[in-house]
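Participant: Once you've had a glance at the structure underneath, I'll fire off some questions.
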Amino acid sequence: MEDMKLIADHLVYEYNKGTNQTVRALDDVSFVIHPGEFIGLIGHTGSGKSTLVQHLNALLRPDGGTIYYDGADVFEKGYDRRALRGKVGLVFQYPEHQLFEETVFKEVCFGPINMGLETKEVEMTAYAAIKRVGLPDECIDQSPFDLSGGQKRRVAIASVLAMKPEILVLDEPTAGLDPKGRDELLSMITELREKEGITIVLVSHSMEDVAEYVDRIIVMDRGKILYDDVPKAVFAHAKELEEIGLSAPQVTYILQDLKKAGLEVDTTGITLAEAKETILEALHWKG
Amino acid sequence: MGIIHINKVKYEYIRRDEENNVEGITTAVDGVSLAVEPGEFIAILGHNGSGKSTLAKHINAILYPSEGSVVVDGMDTQDEEHLLQIRQTAGMVFQNPDNQIIGQIVEEDVGFGPENMGVPTKEIWERVKESLKAVGMYEYRSYSPNKLSGGQKQRVSIASVIAMHPKCIILDEPTAMLDPMGRREVIRAVRALNDVEKITMILITHYMEEVIYADRVFVMDKGKVAMGGTPKEIFSRVSELRDLRLDVPQVTELAYELKCAGVPLPDGILTREELTQALQKVKKLRDPHS
Amino acid sequence: MDPRTKLLGTLVYLVSLFLFASLPVYALAAVFLIFVMILSKVPFSYMVKGLKPVLFFLVFTIMMNMFLVKGEVIWTFWKLQVTREGLRQSFYMGARLILLILGSNLMTLTTTPTRLTNAIEAVMKPLRLIKVPVHEIAMMMSIALRFIPILLDETDKIMKAQMARGADFESGNLIKKAKSMIPVLVPLFISAFRRANDLAMAMEARCYHGGKGRTQMKPLKYAGRDYIAYVVLLLYLTGLILLGKYSAELLKLLGI
């Protein structure tokens with residue numbers, strides 16, 4: 001079980017049950033999350049990814065199937081789902097809209113206090129989390145509402161990190177940030193995995209970001225998993241992705257154009273660095 | 001004769017602490033001058049907090065300059081007499097799709113502006129119809145806004161502005177809260193209205209792909225205009241843009257990286273076609289026999 | 001039909017139910033309701049569905065009246081006594097409530113909220129003379145109607161977000177439960193204010209400046225059927241008052 005941290009087992013979830021407008025938001029969804037993975041979850045709005053994400057920490061109860069965490073069925077009677085929410089941290093979209101405390105420090109303490117930690121430990125993990133997301137010391141006693149939009153978002157992420165999650169799920173964490181803010185946040189997330197070994201699930205609309213950062217992609221469409229593979233393999237299905245409102249990264253299309261124009265490039269490239277390398281090679285450019 | 005003249009506009013606001021004591025003065029816009037010609041498509045870029053939204057709100061007379069002046073179609077925005085006329089000439093679309101739809105069904109929202117202007121009932125209906133058709137939302141006229149996607153809501157908001165027959169539309173980050181599909185829908189509508197109806201467009205954004213169709217681009221930083229020019233000119237200056245917390249479209253970035261590696265490419269490549277052609281030329285130069 | 005007609009009609013109907021408590025009056029009201037229901041073409045099953053949410057309340061009221069009103073005892077069950085007066089009272093109460101709910105349901109089912117707000121604005125117009133901000137009240141109502149679903153959605157989202165941070169809304173006593181709502185209420189208020197601010201700006205940007213000089217996209221207009229409706233309403237009202245006054249005599253005449 002050690003390398004199967006979380007198992008989603010034939011999940012089914014329906015909205016508006018019992019009416020004539022029943023929508024099957026999840027339709028027989030199964031997958032396994034292994035420790036230390038960096039997974040990208042992509043899909044068009046309404047594909048079921050937000051519903052799926054809320055099952056991972058048992059906020060929603062499936063109509064069929066279940067979730068196993070460390071081998072235990074989390075929907076079994078008596079399972080401590082509150083403790084699970086500490087282990088599977090979920091950062092919602094626009095998480096800054098959930099802030100409510102007087103100071104940044106109190107805000108970040110909210111999670112660990114709910115987890116029942118002792119005062120001393122609460123304060124230590126809260127402080128560590130604030131530093132971890134790169135907020136300066138002088139923020140700690142400020143009101144979270146006086147911070148900039150990007151900083152507020154970091155506070156919200158810190159408040160989840162302070163519960164010391166083993167898996168961190170982020171629902172479009174870069175929405176509304178400017179390009180630099182996007183890059184900074186994504187490299188912070190990468191660091192969380194590399195330095196702390198936290199498993200990451202990143203919900204994203206940006207194919208370029210997903211191609212650049214993750215090592216496995218799950219593609220959702222109409223409540224089902226369409227692909228679950230390494231990025232290169234998923235983006236080889238550019239046509240199919242377009243049919244469900246997604247696409248391949250821009251560079252992939254560039255490489256396809258170049259191939260058509262007679263340049264001997266490798267069209268499986270999905271990142272800027274890969275594209276650059278194969279183009280230079282095709283031009284016999286000494287790198 | 002330009003349609004919008006922004007003359008050395010400065011906007012300052014006073015920050016206060018909890019006891020209402022003055023903490024300091026923030027200058028959000030600092031001496032900006034801009035002139036926009038009728039029919040132009042202008043894009044304003046800038047990182048969060050660069051002052052671009054504050055500047056935009058001046059054109060619609062929601063904010064007034066502390067110093068300098070803003071003139072819309074010959075009317076000074078500080079002239080109260082022309083207030084309604086200005087707001088009707090320069091319509092505004094905001095960022096949050098939910099917080100700007102007033103009507104409980106789509107057509108009522110589009111009719112809201114004309115109602116306020118005192119347009120006769122029969123004409124309101126005509127305007128609502130043509131505006132919704134212009135953004136491709138006519139079939140949704142009797143929907144509740146809550147049933148629409150983000151992109152559709154923003155298109156309704158654009159229709160609501162068009163129904164007031166503006167000469168100019170200011171779009172304040174209309175795509176910031178949308179998914180890629182919604183973004184494409186909105187930008188397509190904006191470009192079509194600019195091309196077909198010749199409505200002057202001022203688009204504020206930080207998505208680089210959205211500005212490559214603009215006639216002119218301005219980049220704001222710390223309340224000032226830091227760069228200005230055609231998209232080609234702006235995107236040739238990759239490292240400067242990065243210093244301003246911005247980015248370039250991935251095509252441009254790839255061209256830039258190749259250029260750094262020594263490949264002789266022209267500056268400011270914006271589209272896939274341009275890059276392919278340029279690289280084909282390079283290949284021919286290196287390999288003249290093929 | 002014009003929403004003003006419906007609004008006034010419903011008002012008259014509702015008041016009529018409280019004027020007299022007698023069998024013939026309720027019979028007339030029921031006939032009137034059925035008549036309007038047939039005209040409106042709202043399926044009967046739909047109307048009955050509207051009774052469901054208040055079913056508990058209805059049964060409770062009937063029971064209370066049945067058992068608690070003192071008078072001539074006709075039936076005893078354990079410690080409970082049913083009296084003749086109680087039976088009569090509970091029948092009247094039940095009938096009144098059912099007629100009331102069905103009547104108001106009929107109006108809301110056949111009128112969109114916007115039309116209803118318009119009607120309220122129009123009907124209240126005379127109050128402007130005593131400086132009541134009628135237009136503003138109507139505008140507020142319609143904005144509230146637009147934003148209620150959005151805010152409900154938002155409440156759900158914030159609650160889930162706080163639960164993801166380990167918040168517990170279920171266990172504990174009342175005080176603890178109330179306290180646990182703070183992390184939901186604070187963000188909710190902030191968001192509501194932000195939305196209000198945004199909306200005010202959007203309205204201003206679209207030339208909103210109060211009710212003055214405003215035209216209407218969907219103006220209210222009386223048609224022939226509205227006048228007919230008013231005549232029917234008047235007839236109903238007269239018939240009702242007559243019935244109410246002479247119901248005792250009528251019942252005697254029929255030998256009940």
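Every chain in the structure tokens takes a letter, A first, then B, and so on in the order presented; its residues are numbered from 1, and the ligands are numbered from 1 following the presented order.
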Within 6 Å of chain A, which residues of chain C show up when using only C-alpha atoms, listed as a PyMOL selection string?
Facilitator: chain C and resi 158+164-166+183+186-187
Participant: Those same residues - all heavy atoms - I'd like them written as a short mmCIF file (atom, residue, chain, number, x, y, z; two decimals), in the first residue's frame.
Facilitator:
data_model
loop_
_atom_site.label_atom_id
_atom_site.label_comp_id
_atom_site.auth_asym_id
_atom_site.auth_seq_id
_atom_site.Cartn_x
_atom_site.Cartn_y
_atom_site.Cartn_z
N ILE C 158 -17.90 28.85 0.41
CA ILE C 158 -17.08 29.26 1.56
C ILE C 158 -17.13 28.20 2.64
O ILE C 158 -16.12 27.86 3.25
CB ILE C 158 -17.55 30.63 2.11
CG1 ILE C 158 -17.32 31.72 1.06
CG2 ILE C 158 -16.80 30.99 3.38
CD1 ILE C 158 -17.94 33.04 1.40
N ALA C 164 -12.54 22.38 4.36
CA ALA C 164 -11.26 21.87 3.86
C ALA C 164 -10.12 22.30 4.78
O ALA C 164 -9.06 21.69 4.78
CB ALA C 164 -11.00 22.37 2.44
N ARG C 165 -10.35 23.36 5.58
CA ARG C 165 -9.35 23.78 6.55
C ARG C 165 -9.68 23.22 7.93
O ARG C 165 -9.24 23.74 8.95
CB ARG C 165 -9.28 25.30 6.62
CG ARG C 165 -8.70 25.92 5.36
CD ARG C 165 -9.03 27.40 5.27
NE ARG C 165 -8.21 28.19 6.17
CZ ARG C 165 -8.48 29.47 6.46
NH1 ARG C 165 -9.51 30.07 5.92
NH2 ARG C 165 -7.70 30.14 7.26
N GLY C 166 -10.51 22.20 7.95
CA GLY C 166 -10.77 21.50 9.20
C GLY C 166 -11.93 22.05 10.02
O GLY C 166 -12.16 21.58 11.13
N PRO C 183 -16.25 32.07 10.56
CA PRO C 183 -15.41 31.94 9.35
C PRO C 183 -16.22 31.88 8.06
O PRO C 183 -15.66 32.02 6.98
CB PRO C 183 -14.67 30.61 9.57
CG PRO C 183 -14.73 30.36 11.03
CD PRO C 183 -16.00 30.97 11.50
N VAL C 186 -18.01 36.14 7.92
CA VAL C 186 -17.12 37.26 7.60
C VAL C 186 -16.80 37.30 6.09
O VAL C 186 -17.04 38.32 5.44
CB VAL C 186 -15.83 37.23 8.46
CG1 VAL C 186 -14.84 38.27 7.99
CG2 VAL C 186 -16.17 37.42 9.92
N PRO C 187 -16.31 36.19 5.51
CA PRO C 187 -16.04 36.24 4.06
C PRO C 187 -17.30 36.51 3.24
O PRO C 187 -17.25 37.20 2.23
CB PRO C 187 -15.49 34.85 3.74
CG PRO C 187 -15.05 34.28 5.02
CD PRO C 187 -15.90 34.89 6.08
#
Participant: Just list the residues in region 5-80 of chain A DSSP gives helix (DSSP H, G or I) on the backbone, as a PyMOL selection string.
Facilitator: chain A and resi 49-56
Participant: Next, dump the selected residues to file, keeping only N, CA, C and O atoms, as a PDB file, in the first residue's frame.
Facilitator:
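Once everything was written out, this is selection.pdb:
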ATOM      1  N   LYS A  49     -14.094  18.211 -13.037  1.00  0.00           N
ATOM      2  CA  LYS A  49     -12.855  18.210 -12.264  1.00  0.00           C
ATOM      3  C   LYS A  49     -13.028  18.830 -10.876  1.00  0.00           C
ATOM      4  O   LYS A  49     -12.465  18.316  -9.918  1.00  0.00           O
ATOM      5  N   SER A  50     -13.844  19.886 -10.771  1.00  0.00           N
ATOM      6  CA  SER A  50     -14.055  20.468  -9.440  1.00  0.00           C
ATOM      7  C   SER A  50     -14.805  19.499  -8.532  1.00  0.00           C
ATOM      8  O   SER A  50     -14.506  19.413  -7.339  1.00  0.00           O
ATOM      9  N   THR A  51     -15.761  18.777  -9.094  1.00  0.00           N
ATOM     10  CA  THR A  51     -16.490  17.779  -8.312  1.00  0.00           C
ATOM     11  C   THR A  51     -15.536  16.682  -7.844  1.00  0.00           C
ATOM     12  O   THR A  51     -15.567  16.268  -6.685  1.00  0.00           O
ATOM     13  N   LEU A  52     -14.675  16.252  -8.733  1.00  0.00           N
ATOM     14  CA  LEU A  52     -13.722  15.203  -8.402  1.00  0.00           C
ATOM     15  C   LEU A  52     -12.825  15.631  -7.245  1.00  0.00           C
ATOM     16  O   LEU A  52     -12.621  14.898  -6.279  1.00  0.00           O
ATOM     17  N   VAL A  53     -12.318  16.852  -7.368  1.00  0.00           N
ATOM     18  CA  VAL A  53     -11.386  17.362  -6.380  1.00  0.00           C
ATOM     19  C   VAL A  53     -12.025  17.382  -4.985  1.00  0.00           C
ATOM     20  O   VAL A  53     -11.380  17.111  -3.979  1.00  0.00           O
ATOM     21  N   GLN A  54     -13.334  17.672  -4.926  1.00  0.00           N
ATOM     22  CA  GLN A  54     -14.005  17.724  -3.624  1.00  0.00           C
ATOM     23  C   GLN A  54     -14.282  16.338  -3.048  1.00  0.00           C
ATOM     24  O   GLN A  54     -14.687  16.219  -1.892  1.00  0.00           O
ATOM     25  N   HIS A  55     -14.080  15.316  -3.850  1.00  0.00           N
ATOM     26  CA  HIS A  55     -14.187  13.956  -3.311  1.00  0.00           C
ATOM     27  C   HIS A  55     -12.889  13.533  -2.640  1.00  0.00           C
ATOM     28  O   HIS A  55     -12.898  12.733  -1.718  1.00  0.00           O
ATOM     29  N   LEU A  56     -11.764  14.088  -3.118  1.00  0.00           N
ATOM     30  CA  LEU A  56     -10.462  13.634  -2.640  1.00  0.00           C
ATOM     31  C   LEU A  56     -10.303  13.866  -1.148  1.00  0.00           C
ATOM     32  O   LEU A  56      -9.602  13.118  -0.471  1.00  0.00           O
TER      33      LEU A  56
END
Participant: Region 98-115 of chain C: which residues within 7 Å, counting only C-alpha atoms, same-chain residues fewer than 2 positions away excluded, as a list in words?
Facilitator: Pro3, Lys6, Thr10, Leu14, Ala30, Leu33, Met47, Gly50, Gly94, Ala95, Arg96, Thr117, Asn118, Ala119 and Ser142 of chain C
Participant: Find the spatial neighbours of region 227-232 of chain B, counting only C-alpha atoms, within a cut-off of 10 Å - ignore same-chain residues fewer than 6 positions away - and output them as an MDAnalysis selection string.
Facilitator: chainID B and resid 34 42:45 208 211:221 240:241 252 267:270
Participant: Emit the selected residues as a short mmCIF file (atom, residue, chain, number, x, y, z; two decimals), in the first residue's frame, including N, CA, C and O atoms.
Facilitator:
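Listed below is the output, selection.cif:
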data_model
loop_
_atom_site.label_atom_id
_atom_site.label_comp_id
_atom_site.auth_asym_id
_atom_site.auth_seq_id
_atom_site.Cartn_x
_atom_site.Cartn_y
_atom_site.Cartn_z
N LEU B 34 -2.30 60.19 -23.18
CA LEU B 34 -2.62 59.23 -24.23
C LEU B 34 -3.66 59.87 -25.14
O LEU B 34 -4.51 60.60 -24.67
N ILE B 42 -7.00 49.58 -28.96
CA ILE B 42 -5.88 49.87 -28.07
C ILE B 42 -5.83 48.80 -26.98
O ILE B 42 -6.87 48.40 -26.47
N ALA B 43 -4.65 48.34 -26.66
CA ALA B 43 -4.53 47.42 -25.53
C ALA B 43 -3.65 48.05 -24.47
O ALA B 43 -2.66 48.70 -24.80
N ILE B 44 -4.05 47.91 -23.22
CA ILE B 44 -3.22 48.40 -22.13
C ILE B 44 -2.81 47.21 -21.27
O ILE B 44 -3.65 46.49 -20.75
N LEU B 45 -1.51 47.00 -21.19
CA LEU B 45 -0.96 45.89 -20.41
C LEU B 45 -0.38 46.42 -19.11
O LEU B 45 -0.09 47.61 -19.00
N MET B 208 -1.12 38.02 -22.79
CA MET B 208 -0.35 38.55 -23.91
C MET B 208 -0.95 38.17 -25.27
O MET B 208 -0.88 38.94 -26.21
N VAL B 211 -3.42 40.68 -27.05
CA VAL B 211 -3.09 42.02 -27.51
C VAL B 211 -2.44 42.02 -28.89
O VAL B 211 -2.21 43.09 -29.46
N ILE B 212 -2.17 40.84 -29.44
CA ILE B 212 -1.43 40.84 -30.71
C ILE B 212 -2.26 41.40 -31.85
O ILE B 212 -1.73 41.78 -32.87
N TYR B 213 -3.59 41.50 -31.67
CA TYR B 213 -4.44 42.06 -32.73
C TYR B 213 -4.64 43.56 -32.57
O TYR B 213 -5.30 44.19 -33.38
N ALA B 214 -4.13 44.13 -31.49
CA ALA B 214 -4.36 45.56 -31.24
C ALA B 214 -3.56 46.40 -32.22
O ALA B 214 -2.56 45.97 -32.78
N ASP B 215 -4.07 47.63 -32.47
CA ASP B 215 -3.31 48.56 -33.31
C ASP B 215 -2.12 49.12 -32.53
O ASP B 215 -1.04 49.27 -33.08
N ARG B 216 -2.39 49.44 -31.28
CA ARG B 216 -1.30 49.97 -30.45
C ARG B 216 -1.40 49.37 -29.05
O ARG B 216 -2.49 49.09 -28.57
N VAL B 217 -0.25 49.22 -28.43
CA VAL B 217 -0.20 48.65 -27.08
C VAL B 217 0.52 49.63 -26.16
O VAL B 217 1.53 50.22 -26.55
N PHE B 218 -0.03 49.80 -24.97
CA PHE B 218 0.67 50.58 -23.95
C PHE B 218 0.92 49.68 -22.76
O PHE B 218 0.07 48.90 -22.36
N VAL B 219 2.10 49.77 -22.20
CA VAL B 219 2.42 48.99 -21.01
C VAL B 219 2.55 49.94 -19.84
O VAL B 219 3.28 50.92 -19.91
N MET B 220 1.80 49.65 -18.79
CA MET B 220 1.86 50.53 -17.63
C MET B 220 2.66 49.90 -16.50
O MET B 220 2.66 48.69 -16.32
N ASP B 221 3.34 50.76 -15.75
CA ASP B 221 4.08 50.31 -14.58
C ASP B 221 4.16 51.47 -13.60
O ASP B 221 4.44 52.60 -13.99
N GLU B 240 12.74 43.61 -21.38
CA GLU B 240 12.11 44.74 -20.69
C GLU B 240 10.74 44.35 -20.15
O GLU B 240 10.37 44.72 -19.04
N LEU B 241 9.98 43.60 -20.95
CA LEU B 241 8.65 43.16 -20.51
C LEU B 241 8.76 42.29 -19.27
O LEU B 241 7.98 42.42 -18.34
N THR B 252 6.49 34.15 -29.54
CA THR B 252 7.49 35.21 -29.47
C THR B 252 8.66 34.80 -28.59
O THR B 252 9.82 35.05 -28.91
N ASP B 267 12.96 40.59 -35.18
CA ASP B 267 12.38 40.86 -33.85
C ASP B 267 10.86 40.78 -33.90
O ASP B 267 10.24 40.97 -34.94
N GLY B 268 10.26 40.52 -32.75
CA GLY B 268 8.82 40.67 -32.60
C GLY B 268 7.97 39.75 -33.45
O GLY B 268 6.98 40.17 -34.05
N ILE B 269 8.34 38.49 -33.50
CA ILE B 269 7.50 37.53 -34.20
C ILE B 269 6.28 37.23 -33.33
O ILE B 269 6.41 36.94 -32.14
N LEU B 270 5.07 37.34 -33.92
CA LEU B 270 3.87 37.22 -33.10
C LEU B 270 3.03 35.98 -33.42
O LEU B 270 2.23 35.56 -32.59
#
Participant: Listing only residues of chain B within 8 Å of chain C, what is the closest atom pair and its distance in Å (to one decimal) for each, using only C-alpha atoms, sorted by chain and residue number ascending, as a tab-separated table?
Facilitator:
residue	atom	partner	partner_atom	distance
B:Asn60	CA	C:Ala205	CA	6.7
B:Ile62	CA	C:Ala205	CA	7.1
B:Leu84	CA	C:Cys207	CA	5.6
B:Arg87	CA	C:Ala205	CA	5.9
B:Gln88	CA	C:Cys207	CA	6.8
B:Gly91	CA	C:Ala205	CA	6.8
B:Met92	CA	C:Ala205	CA	6.4
B:Val93	CA	C:Ala202	CA	7.9
B:Phe94	CA	C:Ala202	CA	7.4
B:Asn99	CA	C:Leu199	CA	5.3
B:Gln100	CA	C:Leu199	CA	5.3
B:Ile101	CA	C:Leu199	CA	7.8
B:Ile102	CA	C:Ile143	CA	6.6
B:Gly103	CA	C:Arg146	CA	7.3
B:Gln104	CA	C:Arg146	CA	5.6
B:Glu108	CA	C:Met217	CA	7.5
B:Gly111	CA	C:Met217	CA	6.3
B:Phe112	CA	C:Arg206	CA	7.7
B:Gly113	CA	C:Arg206	CA	5.1
B:Pro114	CA	C:Thr215	CA	7.9
B:Glu115	CA	C:Thr215	CA	4.8
B:Asn116	CA	C:Arg214	CA	4.9
B:Met117	CA	C:Arg214	CA	6.5
B:Gly118	CA	C:Thr215	CA	4.7
B:Val119	CA	C:Thr215	CA	6.2
B:Pro120	CA	C:Thr215	CA	6.3
B:Thr121	CA	C:Met217	CA	5.1
B:Lys122	CA	C:Met217	CA	7.8
B:Ile124	CA	C:Met217	CA	6.1
B:Trp125	CA	C:Met217	CA	6.9
B:Asn146	CA	C:Ile150	CA	7.7
B:Val161	CA	C:Arg206	CA	7.2
Participant: Counting only C-alpha atoms, give me one row per residue of chain B with an atom at most 9 Å from an atom of chain A, showing the shortest contact pair and its distance in Å to one decimal, sorted by chain then residue number, as a tab-separated table.
Facilitator:
residue	atom	partner	partner_atom	distance
B:Gly46	CA	A:Asp178	CA	8.2
B:His47	CA	A:Asp178	CA	5.4
B:Asn48	CA	A:Asp178	CA	6.0
B:Gly49	CA	A:Ser148	CA	8.4
B:Ser149	CA	A:Thr45	CA	8.6
B:Ala176	CA	A:Gly176	CA	5.3
B:Met177	CA	A:Gly176	CA	6.3
B:Leu178	CA	A:Ala175	CA	8.7
B:Asp179	CA	A:His205	CA	6.5
B:Pro180	CA	A:His205	CA	6.8
B:Met181	CA	A:Gly245	CA	6.9
B:His206	CA	A:Asp178	CA	6.1
B:Tyr207	CA	A:Pro179	CA	7.9
B:Met208	CA	A:Pro179	CA	9.0
B:Arg242	CA	A:Lys180	CA	7.8
B:Leu244	CA	A:Lys180	CA	8.5
B:Arg245	CA	A:Lys180	CA	4.7
B:Leu246	CA	A:Pro179	CA	5.3
B:Asp247	CA	A:Pro179	CA	5.9
B:Gln250	CA	A:Gln250	CA	6.7
B:Val251	CA	A:Val251	CA	7.0
B:Glu253	CA	A:Leu272	CA	8.2
B:Leu254	CA	A:Leu272	CA	6.4
B:Ala255	CA	A:Lys276	CA	8.7
B:Glu257	CA	A:Lys276	CA	7.2
B:Leu258	CA	A:Lys276	CA	6.4
B:Ala261	CA	A:Gly287	CA	7.3
B:Gly262	CA	A:Trp285	CA	8.5
B:Val263	CA	A:Trp285	CA	7.9
B:Arg272	CA	A:Ile254	CA	5.9
B:Glu273	CA	A:Asp257	CA	8.0
B:Leu275	CA	A:Ile254	CA	8.1
B:Thr276	CA	A:Leu258	CA	5.7
B:Gln277	CA	A:Ala261	CA	8.4
B:Leu279	CA	A:Leu258	CA	8.1
B:Gln280	CA	A:Ala261	CA	7.2
B:Val282	CA	A:Leu283	CA	8.1
B:Lys283	CA	A:Leu283	CA	6.2
B:Arg286	CA	A:Leu283	CA	7.8
B:Asp287	CA	A:Leu283	CA	8.9
Participant: Report, in Å to a single decimal, how far apart CA of Tyr13 (chain A) and CA of Lys153 (chain B) are.
Facilitator: 27.3 Å
Participant: To one decimal place in Å, what is the distance between CA of Cys168 (chain B) and CA of Gly74 (chain B)?
Facilitator: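 Between CA of Cys168 (chain B) and CA of Gly74 (chain B) the gap is 13.2 Å.
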Participant: Using CA of Phe20 (chain C) and CA of Leu235 (chain C) as the two end points, give the distance in Å to one decimal.
Facilitator: 16.7 Å
Participant: Among the residues of region 72-226 of chain B, find those DSSP assigns to strand (DSSP E) from the backbone and print them as a list in words.
Facilitator: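 Answer for region 72-226 of chain B, restricted to strand (DSSP E): Val72, Met75, Asp76, Ala90, Gly91, Met92, Val93, Cys168, Ile169, Ile170, Leu171, Asp172, Thr200, Met201, Ile202, Leu203, Ile204, Thr205, Arg216, Val217, Phe218, Val219, Met220, Asp221, Lys224, Val225 and Ala226 of chain B.
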Participant: Can you tell me, as a ChimeraX atom specification, what residues are no more than 7 Å from Lys224 (chain B) when counting only C-alpha atoms, ignoring any on the same chain fewer than 6 positions away?
Facilitator: /B:29-32
